[in-house]
>>> print(open('protein-v1.pdb').read())   # PDB, C-alpha atoms
ATOM      1  CA  MET Z  31      15.947 -21.416 -12.628  1.00  0.00           C
ATOM      2  CA  ARG Z  32      14.844 -17.849 -13.366  1.00  0.00           C
ATOM      3  CA  ALA Z  33      12.126 -16.541 -11.060  1.00  0.00           C
ATOM      4  CA  ASP Z  34       9.892 -15.582 -13.984  1.00  0.00           C
ATOM      5  CA  SER Z  35       9.855 -19.212 -15.175  1.00  0.00           C
ATOM      6  CA  ASP Z  36       8.499 -20.409 -11.814  1.00  0.00           C
ATOM      7  CA  ALA Z  37       4.967 -21.870 -11.955  1.00  0.00           C
ATOM      8  CA  LEU Z  38       3.764 -19.001  -9.754  1.00  0.00           C
ATOM      9  CA  PHE Z  39       4.298 -16.596 -12.646  1.00  0.00           C
ATOM     10  CA  GLN Z  40       2.644 -18.735 -15.329  1.00  0.00           C
ATOM     11  CA  ILE Z  41      -0.592 -16.748 -15.337  1.00  0.00           C
ATOM     12  CA  ASP Z  42      -2.841 -15.174 -17.910  1.00  0.00           C
ATOM     13  CA  GLN Z  43      -2.198 -11.464 -18.231  1.00  0.00           C
ATOM     14  CA  THR Z  44      -4.151  -8.688 -19.892  1.00  0.00           C
ATOM     15  CA  VAL Z  45      -2.322  -5.820 -21.564  1.00  0.00           C
ATOM     16  CA  VAL Z  46      -3.485  -2.299 -20.693  1.00  0.00           C
ATOM     17  CA  THR Z  47      -2.179   0.725 -22.543  1.00  0.00           C
ATOM     18  CA  THR Z  48      -1.189   3.810 -20.539  1.00  0.00           C
ATOM     19  CA  SER Z  49       0.266   7.133 -21.667  1.00  0.00           C
ATOM     20  CA  ALA Z  50       3.736   5.650 -20.959  1.00  0.00           C
ATOM     21  CA  GLY Z  51       3.212   2.377 -22.831  1.00  0.00           C
ATOM     22  CA  GLU Z  52       1.782  -1.086 -22.288  1.00  0.00           C
ATOM     23  CA  VAL Z  53       1.410  -2.740 -18.867  1.00  0.00           C
ATOM     24  CA  ALA Z  54       0.670  -6.448 -18.388  1.00  0.00           C
ATOM     25  CA  LEU Z  55      -1.796  -7.112 -15.559  1.00  0.00           C
ATOM     26  CA  PRO Z  56      -1.528  -8.517 -13.065  1.00  0.00           C
ATOM     27  CA  MET Z  57       1.966  -7.126 -12.730  1.00  0.00           C
ATOM     28  CA  CYS Z  58       4.622  -9.615 -11.624  1.00  0.00           C
ATOM     29  CA  PHE Z  59       7.567  -8.820  -9.354  1.00  0.00           C
ATOM     30  CA  TYR Z  60      10.362 -11.359  -9.784  1.00  0.00           C
ATOM     31  CA  ASP Z  61      13.119  -9.855  -7.650  1.00  0.00           C
ATOM     32  CA  ALA Z  62      12.323  -7.245  -5.000  1.00  0.00           C
ATOM     33  CA  SER Z  63      13.180  -5.974  -1.534  1.00  0.00           C
ATOM     34  CA  HIS Z  64      11.185  -3.890   0.880  1.00  0.00           C
ATOM     35  CA  LEU Z  65      11.421  -2.289   4.277  1.00  0.00           C
ATOM     36  CA  ILE Z  66       8.364  -1.204   6.232  1.00  0.00           C
ATOM     37  CA  SER Z  67       8.369   0.883   9.418  1.00  0.00           C
ATOM     38  CA  LEU Z  68       5.328   1.709  11.536  1.00  0.00           C
ATOM     39  CA  PHE Z  69       4.997   4.832  13.671  1.00  0.00           C
ATOM     40  CA  HIS Z  70       2.521   6.197  16.203  1.00  0.00           C
ATOM     41  CA  VAL Z  71       1.256   9.650  15.230  1.00  0.00           C
ATOM     42  CA  GLU Z  72      -0.967  12.117  17.085  1.00  0.00           C
ATOM     43  CA  GLY Z  73      -4.560  11.762  15.923  1.00  0.00           C
ATOM     44  CA  LYS Z  74      -4.918  15.458  15.031  1.00  0.00           C
ATOM     45  CA  ARG Z  75      -1.960  15.249  12.644  1.00  0.00           C
ATOM     46  CA  LEU Z  76      -3.561  12.295  10.884  1.00  0.00           C
ATOM     47  CA  VAL Z  77      -6.919  14.046  10.614  1.00  0.00           C
ATOM     48  CA  ASP Z  78      -5.130  17.001   8.991  1.00  0.00           C
ATOM     49  CA  ALA Z  79      -3.156  14.726   6.649  1.00  0.00           C
ATOM     50  CA  LEU Z  80      -6.273  12.848   5.531  1.00  0.00           C
ATOM     51  CA  GLY Z  81      -8.123  16.026   4.655  1.00  0.00           C
ATOM     52  CA  ASP Z  82     -11.606  15.732   3.239  1.00  0.00           C
ATOM     53  CA  VAL Z  83     -11.886  11.999   2.531  1.00  0.00           C
ATOM     54  CA  ASP Z  84     -14.552   9.618   3.804  1.00  0.00           C
ATOM     55  CA  VAL Z  85     -12.248   7.888   6.297  1.00  0.00           C
ATOM     56  CA  GLU Z  86     -10.815   8.740   9.685  1.00  0.00           C
ATOM     57  CA  PRO Z  87      -7.757   7.516  11.574  1.00  0.00           C
ATOM     58  CA  ALA Z  88      -8.057   4.271  13.534  1.00  0.00           C
ATOM     59  CA  LEU Z  89      -6.988   5.806  16.839  1.00  0.00           C
ATOM     60  CA  ASP Z  90      -5.981   3.865  19.925  1.00  0.00           C
ATOM     61  CA  ARG Z  91      -7.154   4.725  23.442  1.00  0.00           C
ATOM     62  CA  LYS Z  92      -4.390   7.330  23.742  1.00  0.00           C
ATOM     63  CA  GLY Z  93      -5.591   9.160  20.617  1.00  0.00           C
ATOM     64  CA  ARG Z  94      -2.699   7.969  18.462  1.00  0.00           C
ATOM     65  CA  GLY Z  95      -2.879   6.486  14.986  1.00  0.00           C
ATOM     66  CA  ILE Z  96      -0.511   4.329  12.984  1.00  0.00           C
ATOM     67  CA  VAL Z  97       1.376   5.439   9.891  1.00  0.00           C
ATOM     68  CA  GLY Z  98       3.399   3.078   7.751  1.00  0.00           C
ATOM     69  CA  LEU Z  99       6.409   4.159   5.729  1.00  0.00           C
ATOM     70  CA  ALA Z 100       7.449   1.573   3.132  1.00  0.00           C
ATOM     71  CA  PHE Z 101      10.404   1.459   0.757  1.00  0.00           C
ATOM     72  CA  TYR Z 102      10.335  -0.899  -2.235  1.00  0.00           C
ATOM     73  CA  GLU Z 103      13.028  -1.772  -4.759  1.00  0.00           C
ATOM     74  CA  TYR Z 104      11.702  -3.805  -7.677  1.00  0.00           C
ATOM     75  CA  ARG Z 105      14.857  -5.022  -9.423  1.00  0.00           C
ATOM     76  CA  ARG Z 106      12.971  -7.226 -11.919  1.00  0.00           C
ATOM     77  CA  ALA Z 107       9.297  -6.680 -12.649  1.00  0.00           C
ATOM     78  CA  SER Z 108       6.964  -7.157 -15.587  1.00  0.00           C
ATOM     79  CA  ILE Z 109       6.746  -3.346 -15.902  1.00  0.00           C
ATOM     80  CA  ALA Z 110      10.580  -3.000 -15.674  1.00  0.00           C
ATOM     81  CA  ALA Z 111      12.729  -2.123 -12.669  1.00  0.00           C
ATOM     82  CA  TYR Z 112      11.660   0.777 -10.443  1.00  0.00           C
ATOM     83  CA  SER Z 113      11.510   1.889  -6.817  1.00  0.00           C
ATOM     84  CA  GLU Z 114       8.815   3.506  -4.703  1.00  0.00           C
ATOM     85  CA  VAL Z 115       8.169   4.943  -1.270  1.00  0.00           C
ATOM     86  CA  GLY Z 116       4.714   4.573   0.241  1.00  0.00           C
ATOM     87  CA  LEU Z 117       3.178   6.505   3.107  1.00  0.00           C
ATOM     88  CA  ALA Z 118      -0.108   5.123   4.435  1.00  0.00           C
ATOM     89  CA  ALA Z 119      -2.334   5.687   7.464  1.00  0.00           C
ATOM     90  CA  GLN Z 120      -4.420   3.052   9.206  1.00  0.00           C
ATOM     91  CA  VAL Z 121      -8.042   4.189   8.950  1.00  0.00           C
ATOM     92  CA  VAL Z 122     -11.681   3.197   9.371  1.00  0.00           C
ATOM     93  CA  ARG Z 123     -14.687   4.373   7.398  1.00  0.00           C
ATOM     94  CA  ARG Z 124     -16.038   7.654   8.753  1.00  0.00           C
ATOM     95  CA  GLY Z 125     -18.309   6.929  11.717  1.00  0.00           C
ATOM     96  CA  ASP Z 126     -17.079   3.341  12.254  1.00  0.00           C
ATOM     97  CA  LYS Z 127     -15.645   2.432  15.618  1.00  0.00           C
ATOM     98  CA  PRO Z 128     -11.895   1.729  15.385  1.00  0.00           C
ATOM     99  CA  PRO Z 129     -10.585  -1.631  16.592  1.00  0.00           C
ATOM    100  CA  VAL Z 130      -9.584  -1.805  20.262  1.00  0.00           C
ATOM    101  CA  PHE Z 131      -5.992  -2.652  19.293  1.00  0.00           C
ATOM    102  CA  PRO Z 132      -5.390  -1.071  15.858  1.00  0.00           C
ATOM    103  CA  LEU Z 133      -1.926  -2.579  15.391  1.00  0.00           C
ATOM    104  CA  PHE Z 134      -3.222  -6.128  15.935  1.00  0.00           C
ATOM    105  CA  ASP Z 135      -6.109  -5.514  13.547  1.00  0.00           C
ATOM    106  CA  MET Z 136      -3.556  -5.234  10.711  1.00  0.00           C
ATOM    107  CA  MET Z 137      -2.546  -8.844  11.355  1.00  0.00           C
ATOM    108  CA  ARG Z 138      -6.040 -10.284  10.946  1.00  0.00           C
ATOM    109  CA  LYS Z 139      -7.333 -11.838   7.744  1.00  0.00           C
ATOM    110  CA  PRO Z 140      -8.497  -9.059   5.397  1.00  0.00           C
ATOM    111  CA  ALA Z 141     -12.175 -10.091   5.525  1.00  0.00           C
ATOM    112  CA  SER Z 142     -12.259  -9.751   9.321  1.00  0.00           C
ATOM    113  CA  ARG Z 143     -10.354  -6.463   9.683  1.00  0.00           C
ATOM    114  CA  LYS Z 144     -12.130  -3.376  10.974  1.00  0.00           C
ATOM    115  CA  SER Z 145      -9.475  -1.036   9.574  1.00  0.00           C
ATOM    116  CA  PHE Z 146      -7.482  -0.650   6.390  1.00  0.00           C
ATOM    117  CA  ASN Z 147      -4.557   1.353   5.052  1.00  0.00           C
ATOM    118  CA  TYR Z 148      -5.180   4.598   3.190  1.00  0.00           C
ATOM    119  CA  LEU Z 149      -2.402   5.587   0.829  1.00  0.00           C
ATOM    120  CA  LEU Z 150      -1.279   9.188   1.396  1.00  0.00           C
ATOM    121  CA  HIS Z 151       1.730   9.349  -0.940  1.00  0.00           C
ATOM    122  CA  LEU Z 152       3.364   6.949  -3.390  1.00  0.00           C
ATOM    123  CA  PRO Z 153       6.215   8.498  -5.376  1.00  0.00           C
ATOM    124  CA  VAL Z 154       7.848   6.170  -7.919  1.00  0.00           C
ATOM    125  CA  THR Z 155      11.054   6.407  -9.952  1.00  0.00           C
ATOM    126  CA  THR Z 156       9.830   5.711 -13.497  1.00  0.00           C
ATOM    127  CA  GLN Z 157       7.260   7.276 -15.798  1.00  0.00           C
ATOM    128  CA  ALA Z 158       5.840   3.820 -16.629  1.00  0.00           C
ATOM    129  CA  ALA Z 159       5.142   3.049 -12.949  1.00  0.00           C
ATOM    130  CA  ASN Z 160       3.761   6.558 -12.409  1.00  0.00           C
ATOM    131  CA  ALA Z 161       1.388   6.289 -15.396  1.00  0.00           C
ATOM    132  CA  ALA Z 162       0.224   2.832 -14.282  1.00  0.00           C
ATOM    133  CA  GLY Z 163      -0.421   4.054 -10.742  1.00  0.00           C
ATOM    134  CA  ILE Z 164      -2.446   7.050 -11.883  1.00  0.00           C
ATOM    135  CA  GLU Z 165      -4.206   5.712 -14.970  1.00  0.00           C
ATOM    136  CA  ILE Z 166      -4.926   2.129 -13.874  1.00  0.00           C
ATOM    137  CA  TRP Z 167      -5.311   2.367 -10.094  1.00  0.00           C
ATOM    138  CA  GLY Z 168      -6.142   6.034  -9.565  1.00  0.00           C
ATOM    139  CA  PHE Z 169      -3.230   6.822  -7.222  1.00  0.00           C
TER     140      PHE Z 169
END
>>> encode(input="protein-v1.pdb", output="structure tokens")
Amino acid sequence: MRADSDALFQIDQTVVTTSAGEVALPMCFYDASHLISLFHVEGKRLVDALGDVDVEPALDRKGRGIVGLAFYEYRRASIAAYSEVGLAAQVVRRGDKPPVFPLFDMMRKPASRKSFNYLLHLPVTTQAANAAGIEIWGF
């Protein structure tokens, strides 16, 4: 059985037109691999990397934050095959107290998390994925 014929993928989709063509939403990923690595980073470096946004790093008691580096290979997707690399920092809204254990906060249900990931960079390998990221999601 092909993955795209699985009941999971039998959903209503809406077509959105971008400068690179049409994109069906929600996008479906039928065959993919990913690798995610997490790193501790000095708080000052994260503050500098975040710049002038309304978030701040979720620092632990040692003043370190967490950065995630993710690699994705989408071999079959509704937008066509492409790859991407994502760099994100774990953050809280400016002025909010970070969780006591930031790494464990990532494992909580989304509604109960005190922190979230802020995307710093997301290069992709196709114009269609790039246009969708910028024009649909504002990346």
>>> resolve_selection(input="protein-v1.pdb", expression="the PyMOL selection byres ((chain Z and resi 87) around 12)", output="PyMOL selection string")
chain Z and resi 70-81+83-86+88-90+93-97+118-129+132+144-148
>>> residues_around(input="protein-v1.pdb", residues="Pro153 of chain Z", least_positions_apart="5", cutoff="8 Å", atoms="all atoms listed in the file", output="list in words")
Glu114, Val115, Gly116 and Asn160 of chain Z
>>> resolve_selection(input="protein-v1.pdb", expression="the PyMOL selection byres ((chain Z and resi 61) around 6)", output="list of chain:residue names")
Z:Phe59, Z:Tyr60, Z:Ala62, Z:Arg105, Z:Arg106
>>> atom_distance(input="protein-v1.pdb", atom1="atom CA of Gln157 of chain Z", atom2="atom CA of Asp42 of chain Z")
24.7 Å
>>> closest_residue(input="protein-v1.pdb", among="Z:Ala37, Z:Leu68, Z:Val45, Z:Ala110", to="Thr155 of chain Z", atoms="only C-alpha atoms")
Z:Ala110
>>> resolve_selection(input="protein-v1.pdb", expression="the PyMOL selection byres ((chain Z and resi 41) around 12)", output="list in words")
Asp34, Ser35, Asp36, Ala37, Leu38, Phe39, Gln40, Asp42, Gln43, Thr44, Ala54, Leu55, Pro56, Met57 and Cys58 of chain Z
>>> write_last_selection(input="protein-v1.pdb", atoms="C-alpha atoms", output="CSV table (one decimal), keeping the file's coordinate frame")
chain,number,residue,atom,x,y,z
Z,34,ASP,CA,9.9,-15.6,-14.0
Z,35,SER,CA,9.9,-19.2,-15.2
Z,36,ASP,CA,8.5,-20.4,-11.8
Z,37,ALA,CA,5.0,-21.9,-12.0
Z,38,LEU,CA,3.8,-19.0,-9.8
Z,39,PHE,CA,4.3,-16.6,-12.6
Z,40,GLN,CA,2.6,-18.7,-15.3
Z,42,ASP,CA,-2.8,-15.2,-17.9
Z,43,GLN,CA,-2.2,-11.5,-18.2
Z,44,THR,CA,-4.2,-8.7,-19.9
Z,54,ALA,CA,0.7,-6.4,-18.4
Z,55,LEU,CA,-1.8,-7.1,-15.6
Z,56,PRO,CA,-1.5,-8.5,-13.1
Z,57,MET,CA,2.0,-7.1,-12.7
Z,58,CYS,CA,4.6,-9.6,-11.6
>>> closest_residue(input="protein-v1.pdb", among="Z:Ala161, Z:Ile166, Z:Leu152, Z:Ala141", to="Ala50 of chain Z", atoms="all atoms listed in the file")
Z:Ala161
>>> atom_distance(input="protein-v1.pdb", atom1="atom CA of Ser108 of chain Z", atom2="atom CA of Ala159 of chain Z")
10.7 Å
>>> atom_distance(input="protein-v1.pdb", atom1="atom CA of Thr156 of chain Z", atom2="atom CA of Ser67 of chain Z")
23.5 Å
>>> closest_residue(input="protein-v1.pdb", among="Z:His151, Z:Gly98, Z:Ala111, Z:Lys92", to="Ile164 of chain Z", atoms="all atoms listed in the file")
Z:His151
>>> closest_residue(input="protein-v1.pdb", among="Z:Gly168, Z:Glu103, Z:Asp82, Z:Phe134", to="Leu65 of chain Z", atoms="all atoms listed in the file")
Z:Glu103
>>> closest_residue(input="protein-v1.pdb", among="Z:Arg138, Z:Leu133, Z:Trp167, Z:Ile109", to="Gly51 of chain Z", atoms="all atoms listed in the file")
Z:Ile109
>>> axis_aligned_box(input="protein-v1.pdb", around="segment 151-156 of chain Z", padding_each_side="6 Å", output="JSON")
{"center_x": 6.4, "center_y": 7.5, "center_z": -7.2, "size_x": 21.3, "size_y": 15.6, "size_z": 24.6}
>>> decode(input="protein-v1.pdb", residues="segment 62-157 of chain Z", atoms="C-alpha atoms", output="PDB file, in the first residue's frame")
ATOM      1  CA  ALA Z  62      10.647  11.454   5.250  1.00  0.00           C
ATOM      2  CA  SER Z  63      13.629  11.225   7.578  1.00  0.00           C
ATOM      3  CA  HIS Z  64      14.939  13.651  10.137  1.00  0.00           C
ATOM      4  CA  LEU Z  65      17.733  14.084  12.621  1.00  0.00           C
ATOM      5  CA  ILE Z  66      17.545  16.558  15.482  1.00  0.00           C
ATOM      6  CA  SER Z  67      20.415  17.536  17.787  1.00  0.00           C
ATOM      7  CA  LEU Z  68      20.147  19.781  20.837  1.00  0.00           C
ATOM      8  CA  PHE Z  69      22.988  21.919  22.171  1.00  0.00           C
ATOM      9  CA  HIS Z  70      23.602  24.115  25.204  1.00  0.00           C
ATOM     10  CA  VAL Z  71      24.623  27.645  24.217  1.00  0.00           C
ATOM     11  CA  GLU Z  72      25.779  30.598  26.317  1.00  0.00           C
ATOM     12  CA  GLY Z  73      22.857  32.905  27.041  1.00  0.00           C
ATOM     13  CA  LYS Z  74      24.613  36.000  25.655  1.00  0.00           C
ATOM     14  CA  ARG Z  75      25.103  34.308  22.280  1.00  0.00           C
ATOM     15  CA  LEU Z  76      21.400  33.503  22.122  1.00  0.00           C
ATOM     16  CA  VAL Z  77      20.406  37.045  23.062  1.00  0.00           C
ATOM     17  CA  ASP Z  78      22.613  38.308  20.216  1.00  0.00           C
ATOM     18  CA  ALA Z  79      21.200  35.743  17.769  1.00  0.00           C
ATOM     19  CA  LEU Z  80      17.597  36.615  18.634  1.00  0.00           C
ATOM     20  CA  GLY Z  81      18.136  40.311  18.057  1.00  0.00           C
ATOM     21  CA  ASP Z  82      15.199  42.635  18.498  1.00  0.00           C
ATOM     22  CA  VAL Z  83      12.278  40.207  18.805  1.00  0.00           C
ATOM     23  CA  ASP Z  84       9.755  40.003  21.631  1.00  0.00           C
ATOM     24  CA  VAL Z  85      11.192  36.789  23.089  1.00  0.00           C
ATOM     25  CA  GLU Z  86      14.209  35.887  25.173  1.00  0.00           C
ATOM     26  CA  PRO Z  87      16.136  32.651  25.656  1.00  0.00           C
ATOM     27  CA  ALA Z  88      14.788  30.135  28.170  1.00  0.00           C
ATOM     28  CA  LEU Z  89      17.991  29.988  30.205  1.00  0.00           C
ATOM     29  CA  ASP Z  90      18.802  27.373  32.815  1.00  0.00           C
ATOM     30  CA  ARG Z  91      20.334  28.172  36.206  1.00  0.00           C
ATOM     31  CA  LYS Z  92      23.808  28.205  34.644  1.00  0.00           C
ATOM     32  CA  GLY Z  93      22.792  30.874  32.114  1.00  0.00           C
ATOM     33  CA  ARG Z  94      22.717  28.466  29.178  1.00  0.00           C
ATOM     34  CA  GLY Z  95      19.996  28.095  26.576  1.00  0.00           C
ATOM     35  CA  ILE Z  96      19.057  25.300  24.216  1.00  0.00           C
ATOM     36  CA  VAL Z  97      19.427  25.400  20.446  1.00  0.00           C
ATOM     37  CA  GLY Z  98      18.085  22.705  18.169  1.00  0.00           C
ATOM     38  CA  LEU Z  99      19.615  21.860  14.814  1.00  0.00           C
ATOM     39  CA  ALA Z 100      17.324  19.727  12.642  1.00  0.00           C
ATOM     40  CA  PHE Z 101      17.879  18.103   9.259  1.00  0.00           C
ATOM     41  CA  TYR Z 102      14.888  16.936   7.208  1.00  0.00           C
ATOM     42  CA  GLU Z 103      14.725  14.956   3.978  1.00  0.00           C
ATOM     43  CA  TYR Z 104      11.231  14.842   2.500  1.00  0.00           C
ATOM     44  CA  ARG Z 105      11.491  12.171  -0.199  1.00  0.00           C
ATOM     45  CA  ARG Z 106       7.753  12.229  -1.020  1.00  0.00           C
ATOM     46  CA  ALA Z 107       5.572  15.176  -0.077  1.00  0.00           C
ATOM     47  CA  SER Z 108       2.477  16.868  -1.438  1.00  0.00           C
ATOM     48  CA  ILE Z 109       4.665  19.857  -2.416  1.00  0.00           C
ATOM     49  CA  ALA Z 110       7.280  17.544  -4.054  1.00  0.00           C
ATOM     50  CA  ALA Z 111      10.556  16.254  -2.635  1.00  0.00           C
ATOM     51  CA  TYR Z 112      12.856  18.699  -0.836  1.00  0.00           C
ATOM     52  CA  SER Z 113      15.213  18.989   2.126  1.00  0.00           C
ATOM     53  CA  GLU Z 114      15.661  21.587   4.847  1.00  0.00           C
ATOM     54  CA  VAL Z 115      17.840  22.475   7.802  1.00  0.00           C
ATOM     55  CA  GLY Z 116      16.263  24.222  10.771  1.00  0.00           C
ATOM     56  CA  LEU Z 117      17.962  26.157  13.540  1.00  0.00           C
ATOM     57  CA  ALA Z 118      15.744  27.083  16.488  1.00  0.00           C
ATOM     58  CA  ALA Z 119      16.225  28.443  20.005  1.00  0.00           C
ATOM     59  CA  GLN Z 120      14.105  27.590  23.023  1.00  0.00           C
ATOM     60  CA  VAL Z 121      12.564  30.853  24.226  1.00  0.00           C
ATOM     61  CA  VAL Z 122       9.955  32.453  26.471  1.00  0.00           C
ATOM     62  CA  ARG Z 123       7.988  35.635  25.902  1.00  0.00           C
ATOM     63  CA  ARG Z 124       9.953  38.695  26.999  1.00  0.00           C
ATOM     64  CA  GLY Z 125       9.542  39.151  30.752  1.00  0.00           C
ATOM     65  CA  ASP Z 126       8.206  35.622  31.408  1.00  0.00           C
ATOM     66  CA  LYS Z 127      10.072  33.433  33.843  1.00  0.00           C
ATOM     67  CA  PRO Z 128      11.738  30.486  32.068  1.00  0.00           C
ATOM     68  CA  PRO Z 129      10.916  26.956  33.217  1.00  0.00           C
ATOM     69  CA  VAL Z 130      13.146  25.539  35.960  1.00  0.00           C
ATOM     70  CA  PHE Z 131      14.275  22.718  33.653  1.00  0.00           C
ATOM     71  CA  PRO Z 132      14.023  24.067  30.079  1.00  0.00           C
ATOM     72  CA  LEU Z 133      14.886  20.761  28.403  1.00  0.00           C
ATOM     73  CA  PHE Z 134      12.075  18.923  30.217  1.00  0.00           C
ATOM     74  CA  ASP Z 135       9.618  21.685  29.354  1.00  0.00           C
ATOM     75  CA  MET Z 136       9.970  20.695  25.676  1.00  0.00           C
ATOM     76  CA  MET Z 137       8.541  17.275  26.529  1.00  0.00           C
ATOM     77  CA  ARG Z 138       5.334  18.594  28.087  1.00  0.00           C
ATOM     78  CA  LYS Z 139       2.034  18.859  26.248  1.00  0.00           C
ATOM     79  CA  PRO Z 140       2.024  22.064  24.170  1.00  0.00           C
ATOM     80  CA  ALA Z 141      -0.772  23.710  26.189  1.00  0.00           C
ATOM     81  CA  SER Z 142       1.203  23.362  29.430  1.00  0.00           C
ATOM     82  CA  ARG Z 143       4.639  24.452  28.172  1.00  0.00           C
ATOM     83  CA  LYS Z 144       6.195  27.661  29.449  1.00  0.00           C
ATOM     84  CA  SER Z 145       8.624  27.865  26.527  1.00  0.00           C
ATOM     85  CA  PHE Z 146       8.546  27.381  22.784  1.00  0.00           C
ATOM     86  CA  ASN Z 147      10.947  27.149  19.862  1.00  0.00           C
ATOM     87  CA  TYR Z 148      11.791  30.255  17.855  1.00  0.00           C
ATOM     88  CA  LEU Z 149      12.962  29.554  14.334  1.00  0.00           C
ATOM     89  CA  LEU Z 150      16.233  31.353  13.545  1.00  0.00           C
ATOM     90  CA  HIS Z 151      17.017  29.889  10.113  1.00  0.00           C
ATOM     91  CA  LEU Z 152      15.270  27.476   7.757  1.00  0.00           C
ATOM     92  CA  PRO Z 153      17.025  27.071   4.406  1.00  0.00           C
ATOM     93  CA  VAL Z 154      15.280  24.727   1.953  1.00  0.00           C
ATOM     94  CA  THR Z 155      16.376  23.137  -1.323  1.00  0.00           C
ATOM     95  CA  THR Z 156      13.509  24.043  -3.672  1.00  0.00           C
ATOM     96  CA  GLN Z 157      11.898  27.278  -4.807  1.00  0.00           C
TER      97      GLN Z 157
END
